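Undergrad: Structure file input_14.pdb, PDB, C-alpha atoms and all ligand atoms, is pasted below:
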```
MODEL        1
ATOM      1  CA  MET A   1       4.942 -11.100  16.160  1.00  0.00           C
ATOM      2  CA  VAL A   2       2.192  -9.659  13.984  1.00  0.00           C
ATOM      3  CA  ASP A   3       3.090  -6.242  12.515  1.00  0.00           C
ATOM      4  CA  ALA A   4       5.913  -4.161  13.952  1.00  0.00           C
ATOM      5  CA  GLY A   5       4.654  -0.600  14.292  1.00  0.00           C
ATOM      6  CA  SER A   6       5.873   2.594  12.694  1.00  0.00           C
ATOM      7  CA  ALA A   7       9.207   3.105  14.489  1.00  0.00           C
ATOM      8  CA  ALA A   8      10.659   6.456  13.365  1.00  0.00           C
ATOM      9  CA  CYS A   9       8.530   6.781  10.204  1.00  0.00           C
ATOM     10  CA  PHE A  10       5.918   8.910  11.987  1.00  0.00           C
ATOM     11  CA  GLY A  11       7.911  11.106  14.335  1.00  0.00           C
ATOM     12  CA  PRO A  12       9.628  10.759  17.701  1.00  0.00           C
ATOM     13  CA  SER A  13       6.550  10.082  19.851  1.00  0.00           C
ATOM     14  CA  LEU A  14       6.065   6.588  18.358  1.00  0.00           C
ATOM     15  CA  GLY A  15       8.424   3.642  17.985  1.00  0.00           C
ATOM     16  CA  GLN A  16       7.885   1.944  21.363  1.00  0.00           C
ATOM     17  CA  VAL A  17       7.394  -1.656  20.165  1.00  0.00           C
ATOM     18  CA  GLU A  18      10.970  -2.753  20.826  1.00  0.00           C
ATOM     19  CA  SER A  19      11.108  -1.280  24.348  1.00  0.00           C
ATOM     20  CA  ASN A  20       7.651  -2.667  25.149  1.00  0.00           C
ATOM     21  CA  LEU A  21       8.754  -6.080  23.909  1.00  0.00           C
ATOM     22  CA  ARG A  22      11.767  -5.964  26.239  1.00  0.00           C
ATOM     23  CA  ALA A  23       9.516  -4.820  29.096  1.00  0.00           C
ATOM     24  CA  SER A  24       7.433  -7.972  28.476  1.00  0.00           C
ATOM     25  CA  GLY A  25      10.498 -10.122  29.016  1.00  0.00           C
ATOM     26  CA  TYR A  26      11.445 -10.831  25.389  1.00  0.00           C
ATOM     27  CA  SER A  27      14.260  -9.576  23.241  1.00  0.00           C
ATOM     28  CA  PRO A  28      14.092  -8.865  19.512  1.00  0.00           C
ATOM     29  CA  GLU A  29      16.417 -11.874  19.003  1.00  0.00           C
ATOM     30  CA  ASP A  30      13.678 -14.134  20.418  1.00  0.00           C
ATOM     31  CA  VAL A  31      11.265 -13.282  17.597  1.00  0.00           C
ATOM     32  CA  ASP A  32      11.400 -16.064  15.004  1.00  0.00           C
ATOM     33  CA  THR A  33       8.631 -14.849  12.683  1.00  0.00           C
ATOM     34  CA  VAL A  34       7.130 -11.481  11.864  1.00  0.00           C
ATOM     35  CA  LEU A  35       3.768 -11.757  10.117  1.00  0.00           C
ATOM     36  CA  MET A  36       2.636  -8.658   8.244  1.00  0.00           C
ATOM     37  CA  THR A  37      -1.038  -7.856   7.734  1.00  0.00           C
ATOM     38  CA  HIS A  38       0.071  -5.426   5.019  1.00  0.00           C
ATOM     39  CA  LEU A  39       3.044  -3.293   4.066  1.00  0.00           C
ATOM     40  CA  HIS A  40       1.858   0.179   5.086  1.00  0.00           C
ATOM     41  CA  PRO A  41       4.581   2.138   6.926  1.00  0.00           C
ATOM     42  CA  ASP A  42       2.794   2.255  10.287  1.00  0.00           C
ATOM     43  CA  HIS A  43       2.954  -1.578  10.338  1.00  0.00           C
ATOM     44  CA  VAL A  44       6.233  -2.346   8.583  1.00  0.00           C
ATOM     45  CA  CYS A  45       8.732   0.448   9.392  1.00  0.00           C
ATOM     46  CA  GLY A  46       9.410  -1.062  12.814  1.00  0.00           C
ATOM     47  CA  ILE A  47      11.116  -4.169  11.422  1.00  0.00           C
ATOM     48  CA  THR A  48      14.217  -2.163  10.437  1.00  0.00           C
ATOM     49  CA  ASN A  49      16.154   0.536  12.271  1.00  0.00           C
ATOM     50  CA  GLU A  50      17.287   3.876  10.875  1.00  0.00           C
ATOM     51  CA  SER A  51      20.665   2.429   9.865  1.00  0.00           C
ATOM     52  CA  GLY A  52      18.884  -0.107   7.665  1.00  0.00           C
ATOM     53  CA  GLU A  53      19.530  -3.105   9.951  1.00  0.00           C
ATOM     54  CA  ALA A  54      16.916  -5.721  10.797  1.00  0.00           C
ATOM     55  CA  VAL A  55      15.487  -5.111  14.277  1.00  0.00           C
ATOM     56  CA  TYR A  56      14.590  -8.826  14.426  1.00  0.00           C
ATOM     57  CA  PRO A  57      17.832 -10.475  13.310  1.00  0.00           C
ATOM     58  CA  ASN A  58      16.577 -14.061  13.642  1.00  0.00           C
ATOM     59  CA  ALA A  59      13.105 -13.586  12.219  1.00  0.00           C
ATOM     60  CA  GLU A  60      11.574 -14.705   8.995  1.00  0.00           C
ATOM     61  CA  LEU A  61       9.436 -11.932   7.536  1.00  0.00           C
ATOM     62  CA  ARG A  62       6.129 -13.042   6.029  1.00  0.00           C
ATOM     63  CA  ALA A  63       3.763 -10.837   3.985  1.00  0.00           C
ATOM     64  CA  SER A  64       1.220 -11.732   1.348  1.00  0.00           C
ATOM     65  CA  GLN A  65       2.523 -12.234  -2.172  1.00  0.00           C
ATOM     66  CA  ALA A  66      -0.029  -9.691  -3.449  1.00  0.00           C
ATOM     67  CA  ASP A  67       1.138  -6.945  -1.091  1.00  0.00           C
ATOM     68  CA  ALA A  68       4.786  -7.773  -1.793  1.00  0.00           C
ATOM     69  CA  ASP A  69       4.199  -7.615  -5.561  1.00  0.00           C
ATOM     70  CA  PHE A  70       2.543  -4.211  -5.176  1.00  0.00           C
ATOM     71  CA  TRP A  71       4.591  -2.314  -2.570  1.00  0.00           C
ATOM     72  CA  LEU A  72       8.004  -3.768  -3.401  1.00  0.00           C
ATOM     73  CA  ASP A  73       7.684  -3.106  -7.142  1.00  0.00           C
ATOM     74  CA  GLU A  74      10.338  -0.477  -7.854  1.00  0.00           C
ATOM     75  CA  GLU A  75       9.056   0.204 -11.369  1.00  0.00           C
ATOM     76  CA  ARG A  76       5.542   0.884 -10.120  1.00  0.00           C
ATOM     77  CA  ALA A  77       6.939   3.292  -7.527  1.00  0.00           C
ATOM     78  CA  ALA A  78       9.206   5.037 -10.057  1.00  0.00           C
ATOM     79  CA  ALA A  79       6.242   5.706 -12.365  1.00  0.00           C
ATOM     80  CA  LEU A  80       4.355   7.587  -9.631  1.00  0.00           C
ATOM     81  CA  PRO A  81       4.618  11.300  -8.873  1.00  0.00           C
ATOM     82  CA  GLU A  82       7.197  11.972  -6.150  1.00  0.00           C
ATOM     83  CA  ALA A  83       4.518  12.707  -3.537  1.00  0.00           C
ATOM     84  CA  ASP A  84       2.920   9.267  -3.976  1.00  0.00           C
ATOM     85  CA  ARG A  85       6.141   7.305  -3.601  1.00  0.00           C
ATOM     86  CA  ALA A  86       6.642   7.634   0.151  1.00  0.00           C
ATOM     87  CA  PHE A  87       4.723   4.480   1.179  1.00  0.00           C
ATOM     88  CA  PHE A  88       6.584   2.424  -1.451  1.00  0.00           C
ATOM     89  CA  ASP A  89       9.982   3.773  -0.380  1.00  0.00           C
ATOM     90  CA  MET A  90       9.308   3.100   3.291  1.00  0.00           C
ATOM     91  CA  ALA A  91       8.116  -0.471   2.619  1.00  0.00           C
ATOM     92  CA  GLN A  92      11.085  -1.251   0.381  1.00  0.00           C
ATOM     93  CA  LYS A  93      13.609   0.141   2.854  1.00  0.00           C
ATOM     94  CA  ALA A  94      12.037  -1.814   5.724  1.00  0.00           C
ATOM     95  CA  VAL A  95      11.907  -5.162   3.896  1.00  0.00           C
ATOM     96  CA  ALA A  96      15.379  -4.846   2.298  1.00  0.00           C
ATOM     97  CA  PRO A  97      17.557  -6.409   5.053  1.00  0.00           C
ATOM     98  CA  TYR A  98      15.219  -9.420   5.238  1.00  0.00           C
ATOM     99  CA  GLN A  99      15.289  -9.872   1.460  1.00  0.00           C
ATOM    100  CA  GLU A 100      19.088  -9.550   1.391  1.00  0.00           C
ATOM    101  CA  SER A 101      19.521 -12.275   3.982  1.00  0.00           C
ATOM    102  CA  GLY A 102      16.966 -14.620   2.364  1.00  0.00           C
ATOM    103  CA  ARG A 103      14.532 -14.264   5.250  1.00  0.00           C
ATOM    104  CA  PHE A 104      11.617 -12.685   3.356  1.00  0.00           C
ATOM    105  CA  LYS A 105       9.040 -15.364   2.536  1.00  0.00           C
ATOM    106  CA  PRO A 106       5.750 -14.231   0.992  1.00  0.00           C
ATOM    107  CA  PHE A 107       2.638 -16.309   1.663  1.00  0.00           C
ATOM    108  CA  THR A 108      -0.580 -16.938  -0.230  1.00  0.00           C
ATOM    109  CA  GLU A 109      -4.002 -16.483   1.323  1.00  0.00           C
ATOM    110  CA  GLY A 110      -5.168 -19.670   3.020  1.00  0.00           C
ATOM    111  CA  ASP A 111      -1.618 -20.746   3.916  1.00  0.00           C
ATOM    112  CA  GLU A 112      -1.035 -22.035   7.422  1.00  0.00           C
ATOM    113  CA  VAL A 113       1.874 -19.665   8.061  1.00  0.00           C
ATOM    114  CA  LEU A 114       2.700 -21.180  11.462  1.00  0.00           C
ATOM    115  CA  THR A 115       1.088 -24.044  13.358  1.00  0.00           C
ATOM    116  CA  GLY A 116      -2.465 -22.956  14.161  1.00  0.00           C
ATOM    117  CA  ILE A 117      -2.179 -19.652  12.290  1.00  0.00           C
ATOM    118  CA  VAL A 118      -3.897 -19.307   8.924  1.00  0.00           C
ATOM    119  CA  ALA A 119      -3.608 -16.283   6.624  1.00  0.00           C
ATOM    120  CA  GLN A 120      -7.013 -15.022   5.584  1.00  0.00           C
ATOM    121  CA  ASP A 121      -7.734 -12.832   2.579  1.00  0.00           C
ATOM    122  CA  THR A 122      -9.045  -9.450   3.775  1.00  0.00           C
ATOM    123  CA  HIS A 123      -7.904  -7.324   0.820  1.00  0.00           C
ATOM    124  CA  GLY A 124      -9.334  -3.907   0.017  1.00  0.00           C
ATOM    125  CA  HIS A 125      -7.411  -1.704   2.445  1.00  0.00           C
ATOM    126  CA  THR A 126      -4.392  -2.830   0.402  1.00  0.00           C
ATOM    127  CA  VAL A 127      -4.293  -5.243  -2.540  1.00  0.00           C
ATOM    128  CA  GLY A 128      -2.954  -8.032  -0.365  1.00  0.00           C
ATOM    129  CA  HIS A 129      -4.195  -7.044   3.099  1.00  0.00           C
ATOM    130  CA  SER A 130      -4.416 -10.197   5.224  1.00  0.00           C
ATOM    131  CA  SER A 131      -5.668 -11.209   8.620  1.00  0.00           C
ATOM    132  CA  PHE A 132      -4.407 -14.096  10.728  1.00  0.00           C
ATOM    133  CA  MET A 133      -6.754 -16.567  12.393  1.00  0.00           C
ATOM    134  CA  LEU A 134      -5.108 -18.086  15.452  1.00  0.00           C
ATOM    135  CA  THR A 135      -6.763 -21.221  16.784  1.00  0.00           C
ATOM    136  CA  SER A 136      -5.933 -23.289  19.830  1.00  0.00           C
ATOM    137  CA  ASP A 137      -8.256 -25.879  21.360  1.00  0.00           C
ATOM    138  CA  ASP A 138     -11.711 -24.252  21.318  1.00  0.00           C
ATOM    139  CA  ASP A 139     -10.471 -20.676  21.222  1.00  0.00           C
ATOM    140  CA  ALA A 140      -9.839 -18.507  18.187  1.00  0.00           C
ATOM    141  CA  MET A 141      -8.609 -14.988  17.588  1.00  0.00           C
ATOM    142  CA  LEU A 142      -8.509 -13.035  14.359  1.00  0.00           C
ATOM    143  CA  VAL A 143      -5.666 -10.529  14.151  1.00  0.00           C
ATOM    144  CA  TRP A 144      -7.268  -8.308  11.558  1.00  0.00           C
ATOM    145  CA  GLY A 145      -4.760  -5.528  10.862  1.00  0.00           C
ATOM    146  CA  ASP A 146      -6.613  -2.544   9.447  1.00  0.00           C
ATOM    147  CA  VAL A 147     -10.069  -4.027   8.820  1.00  0.00           C
ATOM    148  CA  VAL A 148     -11.321  -1.222  11.099  1.00  0.00           C
ATOM    149  CA  HIS A 149      -9.337   2.020  11.441  1.00  0.00           C
ATOM    150  CA  SER A 150     -11.748   4.185  13.377  1.00  0.00           C
ATOM    151  CA  TYR A 151     -13.689   2.231  15.979  1.00  0.00           C
ATOM    152  CA  GLY A 152     -15.673   5.400  16.734  1.00  0.00           C
ATOM    153  CA  VAL A 153     -17.036   5.539  13.187  1.00  0.00           C
ATOM    154  CA  GLN A 154     -16.690   2.232  11.355  1.00  0.00           C
ATOM    155  CA  PHE A 155     -18.404  -0.075  13.878  1.00  0.00           C
ATOM    156  CA  ALA A 156     -21.553   2.023  13.768  1.00  0.00           C
ATOM    157  CA  ASP A 157     -21.255   2.391  10.003  1.00  0.00           C
ATOM    158  CA  PRO A 158     -18.909  -0.104   8.311  1.00  0.00           C
ATOM    159  CA  THR A 159     -19.609   1.487   4.899  1.00  0.00           C
ATOM    160  CA  VAL A 160     -17.384   4.480   5.739  1.00  0.00           C
ATOM    161  CA  ALA A 161     -14.037   4.048   3.972  1.00  0.00           C
ATOM    162  CA  ILE A 162     -10.708   5.734   4.709  1.00  0.00           C
ATOM    163  CA  GLU A 163      -8.582   7.671   2.247  1.00  0.00           C
ATOM    164  CA  PHE A 164      -5.716   5.190   2.582  1.00  0.00           C
ATOM    165  CA  ASP A 165      -7.801   2.261   1.275  1.00  0.00           C
ATOM    166  CA  SER A 166      -6.411   1.016  -2.067  1.00  0.00           C
ATOM    167  CA  ASP A 167      -9.903  -0.119  -3.064  1.00  0.00           C
ATOM    168  CA  PRO A 168     -12.479   1.552  -0.794  1.00  0.00           C
ATOM    169  CA  GLU A 169     -15.454  -0.459  -2.087  1.00  0.00           C
ATOM    170  CA  GLN A 170     -13.677  -3.773  -1.517  1.00  0.00           C
ATOM    171  CA  ALA A 171     -12.460  -2.562   1.884  1.00  0.00           C
ATOM    172  CA  VAL A 172     -16.089  -1.915   2.871  1.00  0.00           C
ATOM    173  CA  ARG A 173     -17.218  -5.368   1.643  1.00  0.00           C
ATOM    174  CA  THR A 174     -14.360  -7.003   3.545  1.00  0.00           C
ATOM    175  CA  ARG A 175     -15.176  -5.070   6.736  1.00  0.00           C
ATOM    176  CA  GLU A 176     -18.847  -6.066   6.530  1.00  0.00           C
ATOM    177  CA  ASP A 177     -17.957  -9.758   5.984  1.00  0.00           C
ATOM    178  CA  VAL A 178     -15.352  -9.875   8.740  1.00  0.00           C
ATOM    179  CA  LEU A 179     -17.624  -8.131  11.262  1.00  0.00           C
ATOM    180  CA  GLU A 180     -20.482 -10.501  10.461  1.00  0.00           C
ATOM    181  CA  SER A 181     -18.306 -13.590  10.974  1.00  0.00           C
ATOM    182  CA  ALA A 182     -16.824 -12.179  14.185  1.00  0.00           C
ATOM    183  CA  VAL A 183     -20.350 -11.794  15.580  1.00  0.00           C
ATOM    184  CA  ASP A 184     -21.493 -15.219  14.344  1.00  0.00           C
ATOM    185  CA  ASP A 185     -18.399 -17.155  15.402  1.00  0.00           C
ATOM    186  CA  LYS A 186     -17.805 -15.159  18.613  1.00  0.00           C
ATOM    187  CA  HIS A 187     -14.042 -15.343  18.171  1.00  0.00           C
ATOM    188  CA  TRP A 188     -11.631 -12.823  19.643  1.00  0.00           C
ATOM    189  CA  VAL A 189     -10.431  -9.938  17.505  1.00  0.00           C
ATOM    190  CA  ALA A 190      -7.133  -8.062  17.765  1.00  0.00           C
ATOM    191  CA  GLY A 191      -6.803  -4.880  15.722  1.00  0.00           C
ATOM    192  CA  ALA A 192      -3.933  -2.527  15.046  1.00  0.00           C
ATOM    193  CA  HIS A 193      -5.962   0.652  15.476  1.00  0.00           C
ATOM    194  CA  MET A 194      -8.247  -0.461  18.289  1.00  0.00           C
ATOM    195  CA  PRO A 195      -7.956   1.317  21.655  1.00  0.00           C
ATOM    196  CA  PHE A 196      -5.601  -0.248  24.228  1.00  0.00           C
ATOM    197  CA  PRO A 197      -5.341  -3.176  24.879  1.00  0.00           C
ATOM    198  CA  GLY A 198      -6.527  -3.800  21.323  1.00  0.00           C
ATOM    199  CA  ILE A 199      -8.267  -7.143  21.918  1.00  0.00           C
ATOM    200  CA  GLY A 200     -11.991  -7.690  22.177  1.00  0.00           C
ATOM    201  CA  HIS A 201     -15.164  -9.190  20.795  1.00  0.00           C
ATOM    202  CA  ILE A 202     -17.647  -7.780  18.300  1.00  0.00           C
ATOM    203  CA  VAL A 203     -21.322  -7.591  19.147  1.00  0.00           C
ATOM    204  CA  GLU A 204     -24.265  -6.257  17.174  1.00  0.00           C
ATOM    205  CA  ASN A 205     -26.708  -3.664  18.491  1.00  0.00           C
ATOM    206  CA  GLU A 206     -29.560  -1.584  16.971  1.00  0.00           C
ATOM    207  CA  GLU A 207     -27.071   0.960  15.642  1.00  0.00           C
ATOM    208  CA  GLY A 208     -24.635  -1.442  14.022  1.00  0.00           C
ATOM    209  CA  TYR A 209     -21.645  -3.201  15.489  1.00  0.00           C
ATOM    210  CA  GLN A 210     -19.943  -2.563  18.787  1.00  0.00           C
ATOM    211  CA  TRP A 211     -16.432  -3.203  20.129  1.00  0.00           C
ATOM    212  CA  LEU A 212     -16.433  -5.057  23.437  1.00  0.00           C
ATOM    213  CA  PRO A 213     -12.869  -4.762  24.790  1.00  0.00           C
ATOM    214  CA  ILE A 214     -11.256  -7.468  26.886  1.00  0.00           C
ATOM    215  CA  GLU A 215     -10.940  -6.589  30.558  1.00  0.00           C
ATOM    216  CA  PHE A 216      -7.389  -5.422  31.165  1.00  0.00           C
ATOM    217  CA  ALA A 217      -5.967  -6.505  34.488  1.00  0.00           C
ATOM    218  CA  PRO A 218      -2.684  -7.838  35.881  1.00  0.00           C
ATOM    219  CA  LEU A 219      -2.140 -11.537  35.202  1.00  0.00           C
ATOM    220  CA  ALA A 220      -2.570 -13.852  38.149  1.00  0.00           C
ATOM    221  CA  THR A 221       0.737 -15.241  39.342  1.00  0.00           C
ATOM    222  CA  ASP A 222       1.797 -17.933  41.813  1.00  0.00           C
ATOM    223  CA  GLU A 223       4.966 -16.100  42.780  1.00  0.00           C
TER     224      GLU A 223
HETATM  225 ZN    ZN B 301      -2.892   0.434   6.684  1.00  0.00          ZN
ENDMDL
END
```
Show this structure as structure tokens.
Ligand SMILES: [Zn+2]

TA:
Amino acid sequence: MVDAGSAACFGPSLGQVESNLRASGYSPEDVDTVLMTHLHPDHVCGITNESGEAVYPNAELRASQADADFWLDEERAAALPEADRAFFDMAQKAVAPYQESGRFKPFTEGDEVLTGIVAQDTHGHTVGHSSFMLTSDDDAMLVWGDVVHSYGVQFADPTVAIEFDSDPEQAVRTREDVLESAVDDKHWVAGAHMPFPGIGHIVENEEGYQWLPIEFAPLATDE
């Protein structure tokens, strides 16, 4: 699994990842690895329930060393004004049961985190924001986390940053680089904030870039 959603961190209308996973025929126990693009609450809260128990009891949790060093640093959080601590607190609470059971394993950019899955440095949105390039035979898909937040704005103008970016200028440079390679290499892209079903290609037009979503249809079956 890549990222785990916000669970209860953002109100009662969210938190559907676990039920959607079950609806797809899997149980949380089946998940052996959770890869994190970054440790913002809307990606990480879903790994742990409100009682502080791991939602994925058999999974190793992997996040970049840089994001772990930043968001899990209790001293850094304690030095901030109360209002700025929320993201740190939520990340630390979510990661805690995995750390306590020795299942939190940070990675470094460029690591092959699982067979055919390489962590790619896409920092800027957070200090250790990462994307995962999945390759199999001739096909490739980049799971890019928050490289683009607003497809309505940032494809047409990738230089627009979002308030949540740790380093807005670097986030813009990263977005421009990633979009250019996605056009050149024609690989698939999966993004956390893209419209359903969240998978597509990137093309270039006179105005800038454009999101070309995959066609969503029932899978063919022999049954
Ligand atoms: Zn984010």

Undergrad: Considering all atoms listed in the file, return as a list of chain:residue names whatever protein or nucleic-acid residues lie within 12 Å of His125 (chain A), sequence-local ones (same chain, fewer than 5 positions apart) excluded.

TA: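 Listed by chain and then number, they are A:Thr37, A:His38, A:Leu39, A:His40, A:Asp67, A:Ser130, A:Ser131, A:Trp144, A:Gly145, A:Asp146, A:Val147, A:Val148, A:His149, A:Ala161, A:Ile162, A:Glu163, A:Phe164, A:Asp165, A:Ser166, A:Asp167, A:Pro168, A:Glu169, A:Gln170, A:Ala171, A:Val172, A:Arg173, A:Thr174, A:Arg175.
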
Undergrad: What's the separation between CA of Ala119 (chain A) and CA of Cys45 (chain A), in Å to one decimal place?

TA: 21.0 Å

Undergrad: Apply the PyMOL selection byres (((chain A and resi 132) around 6) and not hetatm) to the file shown and report the selected residues as a list in words.

TA: Val118, Ala119, Gln120, Ser131, Met133, Leu142 and Val143 of chain A

Undergrad: So how many Å separate CA of Leu14 (chain A) and CA of Gly46 (chain A), to one decimal?

TA: 10.0 Å

Undergrad: CA of Pro41 (chain A) and CA of His193 (chain A), how far apart in Å?

TA: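 CA of His193 (chain A) sits 13.7 Å away from CA of Pro41 (chain A).
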